[in-house]
file data_33.cif (mmCIF, C-alpha atoms (C1' of nucleotides))
data_protein
loop_
_atom_site.group_PDB
_atom_site.id
_atom_site.type_symbol
_atom_site.label_atom_id
_atom_site.label_comp_id
_atom_site.auth_asym_id
_atom_site.auth_seq_id
_atom_site.Cartn_x
_atom_site.Cartn_y
_atom_site.Cartn_z
ATOM 1 C CA MET A 30 18.919 51.643 27.403
ATOM 2 C CA PRO A 31 17.679 49.229 29.785
ATOM 3 C CA GLU A 32 17.175 46.045 27.846
ATOM 4 C CA LEU A 33 14.928 43.159 28.794
ATOM 5 C CA PRO A 34 16.899 41.983 31.862
ATOM 6 C CA GLU A 35 17.078 45.476 33.308
ATOM 7 C CA VAL A 36 13.390 46.144 32.741
ATOM 8 C CA GLU A 37 12.515 42.807 34.320
ATOM 9 C CA THR A 38 14.694 43.712 37.296
ATOM 10 C CA VAL A 39 12.889 47.041 37.624
ATOM 11 C CA ARG A 40 9.558 45.241 37.447
ATOM 12 C CA ARG A 41 10.505 42.940 40.282
ATOM 13 C CA GLY A 42 11.851 45.801 42.348
ATOM 14 C CA LEU A 43 8.828 47.974 41.793
ATOM 15 C CA SER A 44 6.193 45.308 42.366
ATOM 16 C CA PRO A 45 6.153 45.383 46.188
ATOM 17 C CA ALA A 46 5.499 49.134 46.198
ATOM 18 C CA LEU A 47 3.081 49.168 43.290
ATOM 19 C CA VAL A 48 0.977 46.029 43.123
ATOM 20 C CA GLY A 49 -2.112 46.347 45.275
ATOM 21 C CA ALA A 50 -1.263 49.967 46.007
ATOM 22 C CA ARG A 51 -3.359 53.011 45.209
ATOM 23 C CA PHE A 52 -2.123 56.202 43.577
ATOM 24 C CA ALA A 53 -2.915 58.973 46.065
ATOM 25 C CA ARG A 54 -1.256 61.876 44.284
ATOM 26 C CA VAL A 55 0.606 61.937 40.951
ATOM 27 C CA THR A 56 2.717 65.006 40.269
ATOM 28 C CA LEU A 57 4.169 65.813 36.851
ATOM 29 C CA ASN A 58 7.113 68.181 36.912
ATOM 30 C CA ARG A 59 6.965 68.784 33.185
ATOM 31 C CA PRO A 60 4.388 68.298 30.418
ATOM 32 C CA ASP A 61 6.252 65.586 28.557
ATOM 33 C CA LEU A 62 9.004 63.019 28.448
ATOM 34 C CA ARG A 63 9.735 61.780 24.950
ATOM 35 C CA PHE A 64 6.060 62.411 24.203
ATOM 36 C CA PRO A 65 3.474 64.496 26.027
ATOM 37 C CA PHE A 66 1.841 62.727 28.938
ATOM 38 C CA PRO A 67 -1.649 61.422 28.082
ATOM 39 C CA LYS A 68 -4.534 63.821 28.661
ATOM 40 C CA ASN A 69 -5.564 64.108 32.305
ATOM 41 C CA PHE A 70 -2.774 61.686 33.191
ATOM 42 C CA SER A 71 -2.676 62.416 36.916
ATOM 43 C CA ARG A 72 -6.441 62.423 37.273
ATOM 44 C CA ARG A 73 -6.736 59.069 35.505
ATOM 45 C CA LEU A 74 -4.233 57.546 37.927
ATOM 46 C CA GLU A 75 -5.225 59.106 41.222
ATOM 47 C CA GLY A 76 -7.539 56.928 43.293
ATOM 48 C CA ARG A 77 -6.765 53.886 41.145
ATOM 49 C CA THR A 78 -5.248 50.673 42.397
ATOM 50 C CA VAL A 79 -2.620 48.632 40.533
ATOM 51 C CA LEU A 80 -3.837 45.092 39.936
ATOM 52 C CA GLU A 81 -0.618 43.722 38.493
ATOM 53 C CA LEU A 82 2.710 44.849 37.099
ATOM 54 C CA GLY A 83 3.794 43.084 33.941
ATOM 55 C CA ARG A 84 6.470 43.372 31.295
ATOM 56 C CA ARG A 85 6.374 43.042 27.530
ATOM 57 C CA ALA A 86 9.820 43.299 25.934
ATOM 58 C CA LYS A 87 11.245 46.548 27.346
ATOM 59 C CA TYR A 88 7.884 47.915 28.452
ATOM 60 C CA LEU A 89 6.345 47.844 31.923
ATOM 61 C CA THR A 90 2.572 47.485 32.131
ATOM 62 C CA ALA A 91 0.580 48.338 35.237
ATOM 63 C CA ALA A 92 -3.024 47.164 34.995
ATOM 64 C CA LEU A 93 -5.357 49.460 36.925
ATOM 65 C CA ASP A 94 -8.771 48.838 38.473
ATOM 66 C CA SER A 95 -10.137 51.532 36.160
ATOM 67 C CA GLY A 96 -9.794 49.245 33.162
ATOM 68 C CA GLU A 97 -6.817 51.154 31.851
ATOM 69 C CA THR A 98 -3.199 50.001 31.740
ATOM 70 C CA LEU A 99 -0.306 52.313 32.466
ATOM 71 C CA ILE A 100 2.496 51.659 29.971
ATOM 72 C CA MET A 101 5.990 52.769 30.922
ATOM 73 C CA HIS A 102 9.143 52.734 28.816
ATOM 74 C CA LEU A 103 12.472 53.721 30.341
ATOM 75 C CA GLY A 104 14.185 54.846 27.157
ATOM 76 C CA MET A 105 17.915 55.191 27.626
ATOM 77 C CA SER A 106 18.161 56.580 31.114
ATOM 78 C CA GLY A 107 14.830 56.141 32.877
ATOM 79 C CA ARG A 108 14.888 54.887 36.452
ATOM 80 C CA PHE A 109 12.625 54.557 39.436
ATOM 81 C CA ASP A 110 13.323 55.297 43.055
ATOM 82 C CA VAL A 111 11.072 54.049 45.824
ATOM 83 C CA ARG A 112 11.015 55.832 49.139
ATOM 84 C CA LEU A 113 9.251 53.838 51.795
ATOM 85 C CA PRO A 114 7.305 55.431 54.642
ATOM 86 C CA ASP A 115 10.132 54.782 57.079
ATOM 87 C CA GLY A 116 12.451 56.916 54.977
ATOM 88 C CA VAL A 117 14.349 54.084 53.342
ATOM 89 C CA THR A 118 15.149 54.756 49.688
ATOM 90 C CA LEU A 119 15.424 51.905 47.228
ATOM 91 C CA SER A 120 16.401 51.931 43.591
ATOM 92 C CA PRO A 121 14.755 48.949 41.979
ATOM 93 C CA GLY A 122 17.009 47.760 39.208
ATOM 94 C CA ASP A 123 19.458 50.597 39.257
ATOM 95 C CA PHE A 124 21.089 50.138 35.907
ATOM 96 C CA TYR A 125 22.095 53.558 34.767
ATOM 97 C CA LEU A 126 23.224 55.825 37.507
ATOM 98 C CA GLU A 127 25.244 58.437 35.671
ATOM 99 C CA GLY A 128 26.206 61.467 37.644
ATOM 100 C CA ALA A 129 22.627 62.472 37.993
ATOM 101 C CA LEU A 130 21.557 59.917 40.564
ATOM 102 C CA GLY A 131 19.547 61.712 43.168
ATOM 103 C CA ASN A 132 19.552 64.852 41.081
ATOM 104 C CA ALA A 133 15.997 66.055 41.553
ATOM 105 C CA LYS A 134 16.346 68.109 38.397
ATOM 106 C CA HIS A 135 15.407 65.001 36.451
ATOM 107 C CA ASP A 136 12.629 63.755 38.733
ATOM 108 C CA HIS A 137 9.811 64.070 36.241
ATOM 109 C CA VAL A 138 7.009 62.044 37.827
ATOM 110 C CA VAL A 139 6.347 61.668 41.547
ATOM 111 C CA MET A 140 3.767 59.104 42.562
ATOM 112 C CA ALA A 141 2.600 59.251 46.163
ATOM 113 C CA MET A 142 0.974 55.959 47.010
ATOM 114 C CA GLY A 143 -1.778 55.398 49.550
ATOM 115 C CA SER A 144 0.634 53.213 51.498
ATOM 116 C CA GLY A 145 2.858 56.199 52.192
ATOM 117 C CA ALA A 146 5.510 55.058 49.724
ATOM 118 C CA THR A 147 6.697 57.523 47.092
ATOM 119 C CA ILE A 148 7.738 56.298 43.649
ATOM 120 C CA THR A 149 9.780 58.744 41.598
ATOM 121 C CA TYR A 150 10.522 58.439 37.906
ATOM 122 C CA ASN A 151 13.846 60.059 37.000
ATOM 123 C CA ASP A 152 15.050 60.264 33.414
ATOM 124 C CA VAL A 153 18.051 62.397 32.471
ATOM 125 C CA ARG A 154 17.709 62.082 28.728
ATOM 126 C CA ARG A 155 13.925 61.882 28.635
ATOM 127 C CA PHE A 156 13.743 59.203 25.971
ATOM 128 C CA GLY A 157 11.301 57.303 28.153
ATOM 129 C CA PHE A 158 7.554 57.747 28.014
ATOM 130 C CA MET A 159 4.305 56.791 29.699
ATOM 131 C CA ASP A 160 0.916 56.100 28.196
ATOM 132 C CA LEU A 161 -2.529 54.971 29.283
ATOM 133 C CA VAL A 162 -4.499 52.550 27.121
ATOM 134 C CA PRO A 163 -7.588 50.400 27.642
ATOM 135 C CA SER A 164 -6.521 47.118 29.224
ATOM 136 C CA ALA A 165 -8.891 45.143 27.039
ATOM 137 C CA THR A 166 -7.052 46.205 23.899
ATOM 138 C CA LEU A 167 -3.538 46.455 25.324
ATOM 139 C CA GLN A 168 -2.044 43.985 22.889
ATOM 140 C CA ALA A 169 -3.618 45.859 19.974
ATOM 141 C CA SER A 170 -2.276 49.207 21.161
ATOM 142 C CA LYS A 171 0.146 51.062 18.952
ATOM 143 C CA HIS A 172 3.006 50.097 21.243
ATOM 144 C CA PHE A 173 2.410 46.365 21.078
ATOM 145 C CA ALA A 174 0.526 45.661 17.859
ATOM 146 C CA ALA A 175 3.593 45.146 15.684
ATOM 147 C CA MET A 176 5.885 43.835 18.408
ATOM 148 C CA GLY A 177 7.883 40.687 17.858
ATOM 149 C CA ILE A 178 8.163 37.543 19.932
ATOM 150 C CA GLU A 179 9.271 37.506 23.552
ATOM 151 C CA PRO A 180 12.819 36.079 23.584
ATOM 152 C CA LEU A 181 12.459 34.187 26.858
ATOM 153 C CA SER A 182 9.236 32.521 25.784
ATOM 154 C CA GLU A 183 8.842 29.222 23.998
ATOM 155 C CA ALA A 184 8.078 31.191 20.868
ATOM 156 C CA LEU A 185 11.787 31.745 20.356
ATOM 157 C CA ASP A 186 13.643 28.770 18.948
ATOM 158 C CA GLY A 187 15.694 27.957 15.902
ATOM 159 C CA ALA A 188 12.611 27.543 13.760
ATOM 160 C CA ALA A 189 11.333 30.978 14.755
ATOM 161 C CA ILE A 190 14.651 32.576 13.887
ATOM 162 C CA ALA A 191 14.675 30.865 10.516
ATOM 163 C CA ARG A 192 11.110 31.947 9.822
ATOM 164 C CA LEU A 193 11.689 35.557 10.914
ATOM 165 C CA PHE A 194 15.067 36.027 9.257
ATOM 166 C CA ARG A 195 14.536 34.070 6.041
ATOM 167 C CA HIS A 196 15.267 36.046 2.907
ATOM 168 C CA ARG A 197 16.595 39.004 4.887
ATOM 169 C CA ILE A 198 19.920 40.380 3.761
ATOM 170 C CA THR A 199 20.126 42.830 6.641
ATOM 171 C CA PRO A 200 23.049 42.221 9.011
ATOM 172 C CA LEU A 201 22.281 39.768 11.781
ATOM 173 C CA LYS A 202 22.858 42.418 14.395
ATOM 174 C CA ALA A 203 20.293 44.748 12.869
ATOM 175 C CA ALA A 204 17.773 41.933 12.594
ATOM 176 C CA LEU A 205 18.208 41.073 16.260
ATOM 177 C CA LEU A 206 17.711 44.716 17.244
ATOM 178 C CA ASP A 207 14.515 44.929 15.192
ATOM 179 C CA GLN A 208 11.812 44.873 17.849
ATOM 180 C CA ARG A 209 9.206 43.828 15.268
ATOM 181 C CA LEU A 210 10.939 40.448 14.966
ATOM 182 C CA ILE A 211 12.231 39.675 18.447
ATOM 183 C CA ALA A 212 11.331 42.215 21.127
ATOM 184 C CA GLY A 213 13.521 42.971 24.098
ATOM 185 C CA LEU A 214 17.107 42.722 22.914
ATOM 186 C CA GLY A 215 19.314 45.811 22.782
ATOM 187 C CA ASN A 216 22.889 46.602 21.902
ATOM 188 C CA ILE A 217 24.537 44.804 24.805
ATOM 189 C CA TYR A 218 22.714 41.493 24.724
ATOM 190 C CA VAL A 219 22.786 41.270 20.945
ATOM 191 C CA CYS A 220 26.571 41.604 21.028
ATOM 192 C CA GLU A 221 26.832 39.070 23.815
ATOM 193 C CA ALA A 222 24.493 36.544 22.170
ATOM 194 C CA LEU A 223 26.275 36.761 18.811
ATOM 195 C CA HIS A 224 29.601 36.159 20.488
ATOM 196 C CA ARG A 225 28.318 33.182 22.412
ATOM 197 C CA ALA A 226 26.884 31.745 19.212
ATOM 198 C CA GLY A 227 30.087 32.374 17.253
ATOM 199 C CA LEU A 228 28.307 34.444 14.632
ATOM 200 C CA HIS A 229 29.617 37.515 12.853
ATOM 201 C CA PRO A 230 27.403 40.582 13.402
ATOM 202 C CA SER A 231 27.457 41.355 9.673
ATOM 203 C CA LEU A 232 26.291 37.939 8.533
ATOM 204 C CA PRO A 233 23.133 38.330 6.439
ATOM 205 C CA ALA A 234 20.270 37.346 8.711
ATOM 206 C CA GLY A 235 18.775 35.082 6.068
ATOM 207 C CA ALA A 236 21.831 32.828 6.271
ATOM 208 C CA LEU A 237 20.291 31.240 9.365
ATOM 209 C CA ALA A 238 17.514 29.702 7.288
ATOM 210 C CA LYS A 239 18.044 26.840 4.868
ATOM 211 C CA PRO A 240 16.558 27.258 1.381
ATOM 212 C CA ASP A 241 13.496 25.305 2.480
ATOM 213 C CA GLY A 242 12.987 27.643 5.441
ATOM 214 C CA THR A 243 14.137 25.264 8.137
ATOM 215 C CA PRO A 244 16.707 26.439 10.684
ATOM 216 C CA THR A 245 20.423 25.915 10.314
ATOM 217 C CA PRO A 246 22.344 24.574 13.326
ATOM 218 C CA LYS A 247 23.540 28.127 13.915
ATOM 219 C CA ALA A 248 19.936 29.353 14.161
ATOM 220 C CA LYS A 249 19.251 26.852 16.899
ATOM 221 C CA ARG A 250 22.473 27.796 18.619
ATOM 222 C CA LEU A 251 21.625 31.490 18.475
ATOM 223 C CA ALA A 252 18.179 30.950 19.978
ATOM 224 C CA LYS A 253 19.759 28.981 22.787
ATOM 225 C CA GLU A 254 22.421 31.611 23.476
ATOM 226 C CA ILE A 255 19.920 34.480 23.459
ATOM 227 C CA LYS A 256 17.912 32.721 26.136
ATOM 228 C CA ALA A 257 21.038 31.849 28.090
ATOM 229 C CA VAL A 258 22.476 35.332 28.231
ATOM 230 C CA LEU A 259 19.117 36.910 29.080
ATOM 231 C CA THR A 260 18.423 34.345 31.768
ATOM 232 C CA GLU A 261 21.827 34.871 33.338
ATOM 233 C CA ALA A 262 21.411 38.631 33.227
ATOM 234 C CA VAL A 263 17.974 38.526 34.830
ATOM 235 C CA ALA A 264 19.369 36.301 37.579
ATOM 236 C CA ALA A 265 22.149 38.848 38.161
ATOM 237 C CA GLY A 266 19.686 41.720 38.415
ATOM 238 C CA GLY A 267 20.643 43.140 35.043
ATOM 239 C CA SER A 268 23.636 45.300 34.269
ATOM 240 C CA THR A 269 24.653 48.545 35.895
ATOM 241 C CA LEU A 270 26.722 50.934 33.805
ATOM 242 C CA ARG A 271 28.381 54.205 34.661
ATOM 243 C CA ASP A 272 28.080 53.304 38.295
ATOM 244 C CA TYR A 273 29.132 56.090 40.556
ATOM 245 C CA ALA A 274 29.466 54.011 43.707
ATOM 246 C CA GLN A 275 26.236 54.996 45.366
ATOM 247 C CA PRO A 276 25.505 53.518 48.785
ATOM 248 C CA ASP A 277 22.846 51.224 47.392
ATOM 249 C CA GLY A 278 22.745 47.471 47.282
ATOM 250 C CA ALA A 279 20.119 47.225 44.568
ATOM 251 C CA ARG A 280 22.395 47.379 41.573
ATOM 252 C CA GLY A 281 22.786 44.756 38.881
ATOM 253 C CA ALA A 282 25.905 42.686 38.474
ATOM 254 C CA PHE A 283 25.787 41.315 34.963
ATOM 255 C CA GLN A 284 28.194 43.945 33.646
ATOM 256 C CA HIS A 285 30.792 41.609 35.135
ATOM 257 C CA GLY A 286 29.442 38.910 32.834
ATOM 258 C CA PHE A 287 30.069 40.801 29.621
ATOM 259 C CA ARG A 288 32.351 38.881 27.273
ATOM 260 C CA VAL A 289 32.538 41.468 24.498
ATOM 261 C CA TYR A 290 30.518 44.565 25.354
ATOM 262 C CA ASP A 291 32.758 47.602 25.922
ATOM 263 C CA SER A 292 35.737 45.244 26.077
ATOM 264 C CA VAL A 293 37.907 46.339 23.151
ATOM 265 C CA GLY A 294 41.357 44.760 23.305
ATOM 266 C CA HIS A 295 40.440 42.175 25.910
ATOM 267 C CA ALA A 296 41.376 38.575 25.181
ATOM 268 C CA CYS A 297 38.467 36.553 23.820
ATOM 269 C CA THR A 298 37.092 34.209 26.464
ATOM 270 C CA ALA A 299 35.761 31.633 24.018
ATOM 271 C CA LYS A 300 37.234 28.209 24.582
ATOM 272 C CA GLY A 301 40.473 27.810 22.676
ATOM 273 C CA CYS A 302 40.210 31.217 21.022
ATOM 274 C CA THR A 303 43.270 33.446 20.938
ATOM 275 C CA GLY A 304 41.523 36.470 19.465
ATOM 276 C CA ARG A 305 40.904 39.880 20.935
ATOM 277 C CA ILE A 306 37.707 41.845 21.161
ATOM 278 C CA ALA A 307 37.260 44.507 18.500
ATOM 279 C CA ARG A 308 34.752 47.259 17.870
ATOM 280 C CA MET A 309 32.997 48.137 14.659
ATOM 281 C CA VAL A 310 30.146 50.515 13.888
ATOM 282 C CA GLN A 311 26.899 49.239 12.419
ATOM 283 C CA SER A 312 24.149 51.719 11.598
ATOM 284 C CA GLY A 313 25.763 54.204 13.888
ATOM 285 C CA ARG A 314 26.046 51.960 16.911
ATOM 286 C CA SER A 315 28.988 50.167 18.457
ATOM 287 C CA THR A 316 29.283 46.456 17.869
ATOM 288 C CA PHE A 317 31.773 44.469 19.936
ATOM 289 C CA TYR A 318 32.918 41.090 18.650
ATOM 290 C CA CYS A 319 35.866 38.732 18.356
ATOM 291 C CA GLU A 320 37.595 38.879 14.994
ATOM 292 C CA VAL A 321 38.783 35.299 15.343
ATOM 293 C CA CYS A 322 35.828 33.227 16.511
ATOM 294 C CA GLN A 323 33.046 35.285 14.953
ATOM 295 C CA VAL A 324 33.953 34.927 11.326
ATOM 296 C CA LEU A 325 32.046 35.532 8.145
ATOM 297 C CA PRO A 326 31.949 32.390 6.039
ATOM 298 C CA GLY A 327 33.506 32.641 2.626
ATOM 299 C "C1'" DT B 28 20.627 50.939 4.977
ATOM 300 C "C1'" DA B 29 21.976 54.915 6.722
ATOM 301 C "C1'" DA B 30 21.437 59.283 8.579
ATOM 302 C "C1'" DC B 31 19.191 62.108 11.573
ATOM 303 C "C1'" DT B 32 16.124 63.080 15.522
ATOM 304 C "C1'" DC B 33 14.748 63.508 20.528
ATOM 305 C "C1'" DC B 34 17.967 64.922 25.370
ATOM 306 C "C1'" DT B 35 21.661 65.397 28.983
ATOM 307 C "C1'" DG B 36 25.997 64.458 30.735
ATOM 308 C "C1'" DG B 37 30.572 61.979 31.294
ATOM 309 C "C1'" DG B 38 35.145 61.349 29.570
ATOM 310 C "C1'" DC B 39 38.961 62.618 27.019
ATOM 311 C "C1'" DG C 27 35.060 70.826 21.779
ATOM 312 C "C1'" DC C 28 34.109 66.391 20.338
ATOM 313 C "C1'" DC C 29 32.622 61.693 20.808
ATOM 314 C "C1'" DC C 30 30.156 58.462 23.257
ATOM 315 C "C1'" DA C 31 25.939 56.362 25.709
ATOM 316 C "C1'" DG C 32 21.694 49.969 27.367
ATOM 317 C "C1'" DG C 33 16.117 53.138 22.541
ATOM 318 C "C1'" DA C 34 13.527 53.816 18.762
ATOM 319 C "C1'" DG C 35 10.941 56.638 15.473
ATOM 320 C "C1'" DT C 36 11.089 59.166 11.020
ATOM 321 C "C1'" DT C 37 12.971 60.318 6.637
ATOM 322 C "C1'" DA C 38 15.500 59.998 2.403
#
call {"tool": "encode", "arguments": {"input": "data_33.cif", "output": "structure tokens"}}
result
Amino acid sequence: MPELPEVETVRRGLSPALVGARFARVTLNRPDLRFPFPKNFSRRLEGRTVLELGRRAKYLTAALDSGETLIMHLGMSGRFDVRLPDGVTLSPGDFYLEGALGNAKHDHVVMAMGSGATITYNDVRRFGFMDLVPSATLQASKHFAAMGIEPLSEALDGAAIARLFRHRITPLKAALLDQRLIAGLGNIYVCEALHRAGLHPSLPAGALAKPDGTPTPKAKRLAKEIKAVLTEAVAAGGSTLRDYAQPDGARGAFQHGFRVYDSVGHACTAKGCTGRIARMVQSGRSTFYCEVCQVLPG
DNA sequence: TAACTCCTGGGC
DNA sequence: GCCCAGGAGTTA
């Protein structure tokens, strides 16, 4: 699950090969990923030039000169490889290498660009998907219409958290994972942000709003820590998990910045805290937190 | 809110 | 063989 920082890293890595380039030949090695490819997918791409490569939450958007936008979601294990004409292979934002890196079995889409570069989409678990929608109505498309605010934008602050979470009794962690409220966070960065903010993952989300709807100090703190952890992770090129030591310099480094994720038993790094990192399960997913400095009030 | 679903593979 | 995995939709 590439989260926002990983997708942003992929966007930056893919841009040089994609923006301004023309799709010469698009080959699909199977009829679907998570969903079937759009009708006439290859034909609608071939001959088209990419005007710009953007990102919304965990989605990549490639605006084409045909008036359509190619939407790409990496799911849990999607990745791109770029092979340049001189034979050099790059892995823009290589965040999830598994054992299958370079295993052509999972090369599902091969895009030969007019420049001579080849962009390959590889996705072991096939939870990713691609779609083509009219650029003019991109924001109204089914993927984006109900999507929440962008966490690195000015839209996210304590007041926004109070407004979005008010009256909600759902656990804070679940609220932060709800892409209809804030879009782009996933399991790792939610755990990290909650730890940094000193908030228990099970705290009812509505506790961050005062009765009059204004933000509590903790709401402001949480907004600040979400931005901080995402900004640091983007700067580090995202996180690379299950790294099988490939000869490739394009991997992220923020996994070294984790304070709680996948760190059960480690000493808490919060200032003055003597706790250890624990794991609990919330709606079927692992939550990592410090039992000492992330306490439930009362 | 929780369980279950899609899918493959690593680790124990 | 079982549990786990950075996502997210659907269903009870």
call {"tool": "resolve_selection", "arguments": {"input": "data_33.cif", "expression": "the PyMOL selection byres ((chain B) within 10 of (chain A))", "output": "list in words"}}
result
DT28, DA29, DA30, DC33, DC34, DT35, DG36 and DG37 of chain B
call {"tool": "closest_residue", "arguments": {"input": "data_33.cif", "among": "A:Val289, A:Val36, A:Ile211, A:Leu228", "to": "chain C", "atoms": "only C-alpha atoms (C1' of nucleotides)"}}
result
A:Val36
call {"tool": "closest_atom_pairs", "arguments": {"input": "data_33.cif", "of": "chain C", "to": "chain A", "cutoff": "10 Å", "atoms": "all atoms listed in the file", "output": "CSV"}}
result
residue,atom,partner,partner_atom,distance
C:DC30,C1',A:Ser315,CA,9.7
C:DA31,C1',A:Met105,CA,8.3
C:DG32,C1',A:Met30,CA,3.2
C:DG33,C1',A:Gly104,CA,5.3
C:DA34,C1',A:Gly104,CA,8.5
call {"tool": "residues_around", "arguments": {"input": "data_33.cif", "residues": "Gly266 of chain A", "least_positions_apart": "2", "cutoff": "8 Å", "atoms": "all atoms listed in the file", "output": "NGL selection string"}}
result
:A and (34-35 or 38 or 122 or 262-264 or 268 or 280-283)
call {"tool": "atom_distance", "arguments": {"input": "data_33.cif", "atom1": "atom CA of Phe66 of chain A", "atom2": "atom CA of Asp160 of chain A"}}
result
6.7 Å
call {"tool": "atom_distance", "arguments": {"input": "data_33.cif", "atom1": "atom CA of Tyr318 of chain A", "atom2": "atom CA of Lys253 of chain A"}}
result
18.4 Å
call {"tool": "build_atoms", "arguments": {"input": "data_33.cif", "residues": "segment 302-309 of chain A", "atoms": "all heavy atoms", "output": "compact mmCIF listing (two decimals), keeping the file's coordinate frame"}}
result
# COMPACT_ATOMS: atom_id res chain seq x y z
N CYS A 302 40.04 30.08 21.93
CA CYS A 302 40.21 31.22 21.02
C CYS A 302 41.32 32.12 21.52
O CYS A 302 41.42 32.40 22.71
CB CYS A 302 38.92 32.01 20.91
SG CYS A 302 39.04 33.40 19.74
N THR A 303 42.16 32.57 20.58
CA THR A 303 43.27 33.45 20.94
C THR A 303 43.05 34.87 20.46
O THR A 303 43.95 35.69 20.47
CB THR A 303 44.58 32.91 20.31
OG1 THR A 303 44.39 32.82 18.89
CG2 THR A 303 44.93 31.56 20.86
N GLY A 304 41.82 35.15 20.01
CA GLY A 304 41.52 36.47 19.46
C GLY A 304 41.36 37.54 20.53
O GLY A 304 41.40 37.26 21.74
N ARG A 305 41.18 38.76 20.05
CA ARG A 305 40.90 39.88 20.94
C ARG A 305 39.60 40.54 20.50
O ARG A 305 39.20 40.45 19.34
CB ARG A 305 42.06 40.90 20.92
CG ARG A 305 43.31 40.34 21.55
CD ARG A 305 44.32 41.41 21.93
NE ARG A 305 45.40 40.79 22.70
CZ ARG A 305 45.38 40.62 24.02
NH1 ARG A 305 44.35 41.07 24.71
NH2 ARG A 305 46.37 40.04 24.64
N ILE A 306 38.99 41.21 21.44
CA ILE A 306 37.71 41.84 21.16
C ILE A 306 37.93 43.16 20.41
O ILE A 306 38.77 43.96 20.78
CB ILE A 306 36.93 42.10 22.47
CG1 ILE A 306 36.80 40.80 23.26
CG2 ILE A 306 35.56 42.71 22.16
CD1 ILE A 306 36.25 39.63 22.48
N ALA A 307 37.16 43.31 19.34
CA ALA A 307 37.26 44.51 18.50
C ALA A 307 35.92 45.25 18.51
O ALA A 307 34.91 44.73 19.00
CB ALA A 307 37.63 44.11 17.07
N ARG A 308 35.97 46.44 17.97
CA ARG A 308 34.75 47.26 17.87
C ARG A 308 34.56 47.67 16.42
O ARG A 308 35.52 48.01 15.74
CB ARG A 308 34.88 48.51 18.74
CG ARG A 308 33.74 49.51 18.59
CD ARG A 308 34.01 50.76 19.44
NE ARG A 308 32.94 51.75 19.33
CZ ARG A 308 32.89 52.71 18.43
NH1 ARG A 308 33.85 52.83 17.54
NH2 ARG A 308 31.88 53.56 18.39
N MET A 309 33.32 47.59 15.97
CA MET A 309 33.00 48.14 14.66
C MET A 309 31.72 48.95 14.83
O MET A 309 31.08 48.91 15.87
CB MET A 309 32.80 47.02 13.63
CG MET A 309 31.61 46.13 13.88
SD MET A 309 31.48 44.70 12.78
CE MET A 309 31.03 45.47 11.25
